[in-house]
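S.K.: Okay, handing you the structure first.
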Amino acid sequence: MTRSQIQGEILKIFKEEFEIENPGLDDDLRDEHEFDSIDALELLGRIEGILGSRLTQDEKKQAMDIRTINQIIDYVELMAQKRS
Amino acid sequence: MQRRVAITGAAAITPIGHHKDEIVDSLVKGKSGVAPLREDDLLSGYIHSKVYGTIGYPIAYDFDRKYRKTMGPVSYYACQVAKEAIEAAGLDEAFLTSGRVGVAFGSTHGSPTIQREIYKNFFSRSQSRFASVGAVDYLKSMVHTTAVNITKMFGITGRVIASSTACATSSQAIGFGYETIKFGMQDAMVCGAGDEYDTTTVAVFDNLLACSTDFNATPHRTPRPFDVKRDGLVVGEGAGAVILEEYDRARKRGADILGEVIGFGCNNNGGDLILPSPRGVSEVIRLGLENARIRPDQVDVVSAHATATKMGDIIEAKAIHAIYGDLPYVTGLKGYMGHTMASCGVIEAIMTIYMMAEGFIAPTLNLEEVDERCAMIRHVTELQESPIRIASVENFAFGGVNTSILIKRFQ
């Protein structure tokens with residue numbers, strides 16, 4: 001999956017699941033879009049769907065400092081690489 | 001410090017209507033909100049009672065996702081009535097977020113719809129389904145879910161009281177909210193409760209042989225409080241909210257005062273957790289009057305708990321008679337909508353406020369022939385056009401919890 005494809009998937013999730021349309025890729029999601037820890041956990045569930053495999057507890061904890069769409073894409077790329 | 005407590009906002013979602021006009025119309029015309037029990041994949045097939053006090057109309061919610069994400073069905077009801085009551089009262093954001101406003105709101109047991117989904121996952125013995133228990137399932141289903149979803153939606157930073165005493169939940173919420181303002185701890189309280197459509201509650205009462213079963217083919221004819229043919233309660237759903245506000249503050253800002261809470265009595269039977277106690281019920285009525293500093297003959301109307309169970313109605317009628325004699329009118333509003341569980345107290349209080357405003361007393365629906373064992377009180381069997389100065393709203397719950405709220409018309 002290319003970075004562009006991952007970005008498309010993530011933005012689609014943000015629009016459909018979180019009702020956040022076209023966030024800036026470097027927007028602080030918490031400050032600018034009220035994206036909170038509840039949303040982050042829901043997002044991890046959706047990322048598992050993109051990856052086609054479950055994330056471990058440690059991998060989920062790694063995601064807790066993520067603040068931007070670009071960081072989410074980095075994270076998904078990293079998790080995909082680990083599984084390839 | 002003892003301060004007066006005004007009611008400056010009210011809203012209800014009930015089986016007989018959503019807004020005041022609809023509810024009053026149903027009360028005046030004797031419309032029932034009891035409908036056939038919906039089929040589900042859980043319990044409906046095993047339950048003998050096939051009737052339910054149903055919200056059978058759509059509700060246009062307009063909540064942002066940031067609020068929706070922690071709300072189960074019960075919180076949708078609760079937040080909607082809270083929103084409408086706050087808007088009706090005209091409370092502004094600065095006051096709501098000042099720390100001087102609190103919330104007293106409850107439900108019987110959070111959101112059973114969400115709990116059911118959690119249990120389905122638990123009992124599936126599937127690792128993937130277990131892991132799919134959502135991060136927000138607890139927030140949606142916990143006992144104080146209604147109260148804190150309201151605080152979140154309106155940025156309310158004062159006290160939270162999340163009563164959960166079955167059928168006394170919302171009357172306790174009003175009573176505790178009243179005391180909180182009376183004694184100066186808050187200047188306003190959003191009080192009430194909600195309960196969503198739930199067949200597990202029906203199953204509990206059905207297994208206790210306390211549910212109505214004789215009118216499954218004619219749901220509108222049951223429940224029948226105080227009637228000789230009553231055969232048990234009808235579980236219902238709904239929600240209600242009232243805004244209680246310190247009287248002088250409400251006057252100063254020119255609020256539309258719907259009534260005044262002048263007294264609250266609350267006690268426990270100290271024994272059986274199911275059967276009402278004649279002593280406990282009459283004592284709570286006495287406590288309410290004492291708290292309001294009024295005589296029994298000053299009460300014009302009693303909104304009785306009157307669930308239409310065989311024994312409960314007799315015990316309540318005797319307790320009312322023991323304190324009031326046959327002076328006040330007595331109406332059983334559950335005849336219209338069944339027993340809306342946690343929300344019954346606030347819904348019946350709101351209906352009482354509406355009757356006060358409009359100058360009528362709704363008859364006990366389906367009371368066609370008074371059971372002679374309940375005949376010692378002044379039943380309302382026909383619509384009465386009569387001013388109400390003071391009303392008492394009585395509610396009793398499993399666990400032996402009893403409440404009595406005294407409401408006075410604003411002059």
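Within each chain, counting starts at residue 1; across the structure tokens, chains are named A, B, ... in the order shown, with ligands numbered 1 upward in that order.
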Pick out the chain B residues within 8 Å of chain A. Count only C-alpha atoms. Give them as a VMD selection string.
M.R.: chain B and resid 65 to 66 134 to 136
S.K.: Using only C-alpha atoms, determine which residues lie at most 8 Å from B:Leu233, disregarding the query and same-chain residues fewer than 6 positions distant; provide the list as a list of chain:residue names.
M.R.: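 The neighbour list is B:Ala210, B:Cys211, B:Ser212, B:Thr222, B:Pro223, B:Thr307, B:Ala308, B:Thr309, B:Gly338, B:His339.
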S.K.: Quick check, in Å to one decimal: how far apart do atom CA of B:Lys310 and atom CA of B:Ser32 lie?
M.R.: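 Pair atom CA of B:Lys310 / atom CA of B:Ser32 returns 20.8 Å.
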S.K.: Please list as number ranges by chain every residue within 8 Å of B:Glu246, counting only C-alpha atoms and excluding residues in the same chain fewer than 2 positions away.
M.R.: B: 3-6, 181-182, 187-188, 244, 248-250
S.K.: I need the strand (DSSP E) residues of stretch 123-227 of chain B per DSSP on the backbone, written as a PyMOL selection string.
M.R.: chain B and resi 160-161+188-195
S.K.: Run DSSP on the backbone and grab whatever in chain A lands in helix (DSSP H, G or I); send it over as a VMD selection string.
M.R.: chain A and resid 3 to 16 29 to 33 37 to 51 57 to 65 69 to 83
S.K.: For the atom pair atom CA of B:Gly259 and atom CA of B:Val281, what is the interatomic distance in Å to one decimal place?
M.R.: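 Calculated distance between atom CA of B:Gly259 and atom CA of B:Val281 is 24.6 Å.
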S.K.: If you count only C-alpha atoms, which residues fall within 12 Å of A:Gly24, apart from same-chain ones fewer than 3 positions away, as a list in words?
M.R.: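 My list of contacting residues is Gln7, Leu11, Phe14, Ile20, Glu21, Asp27, Asp28, Leu29, Glu32, His33, Arg67, Thr68, Ile69, Asn70 and Gln71 of chain A.
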S.K.: Give me the residues near B:Lys31 as a ChimeraX atom specification, where near means some atom within 9 Å (using only C-alpha atoms) and where sequence neighbours in that chain fewer than 6 positions away do not count.
M.R.: /B:16,25,220,336-337,365
S.K.: Report as CSV the residues of stretch 201-284 of chain B within 12 Å of stretch 104-121 of chain B, each with its shortest atom pair and distance in Å (one decimal), using only C-alpha atoms, ordered by chain and increasing residue number.
M.R.:
```
residue,atom,partner,partner_atom,distance
B:Thr201,CA,B:Thr108,CA,9.3
B:Glu237,CA,B:Ser107,CA,10.7
B:Gly238,CA,B:Ser107,CA,10.3
B:Ala239,CA,B:Ser107,CA,9.1
B:Gly240,CA,B:Phe105,CA,9.6
B:Ala241,CA,B:Phe105,CA,8.3
B:Val242,CA,B:Ala104,CA,10.0
B:Ile243,CA,B:Ala104,CA,10.1
B:Leu244,CA,B:Ala104,CA,10.2
```
S.K.: Just give me the gap between atom CA of B:Ala168 and atom CA of B:Thr331 in Å, one decimal is fine.
M.R.: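 Separation between atom CA of B:Ala168 and atom CA of B:Thr331: 17.9 Å.
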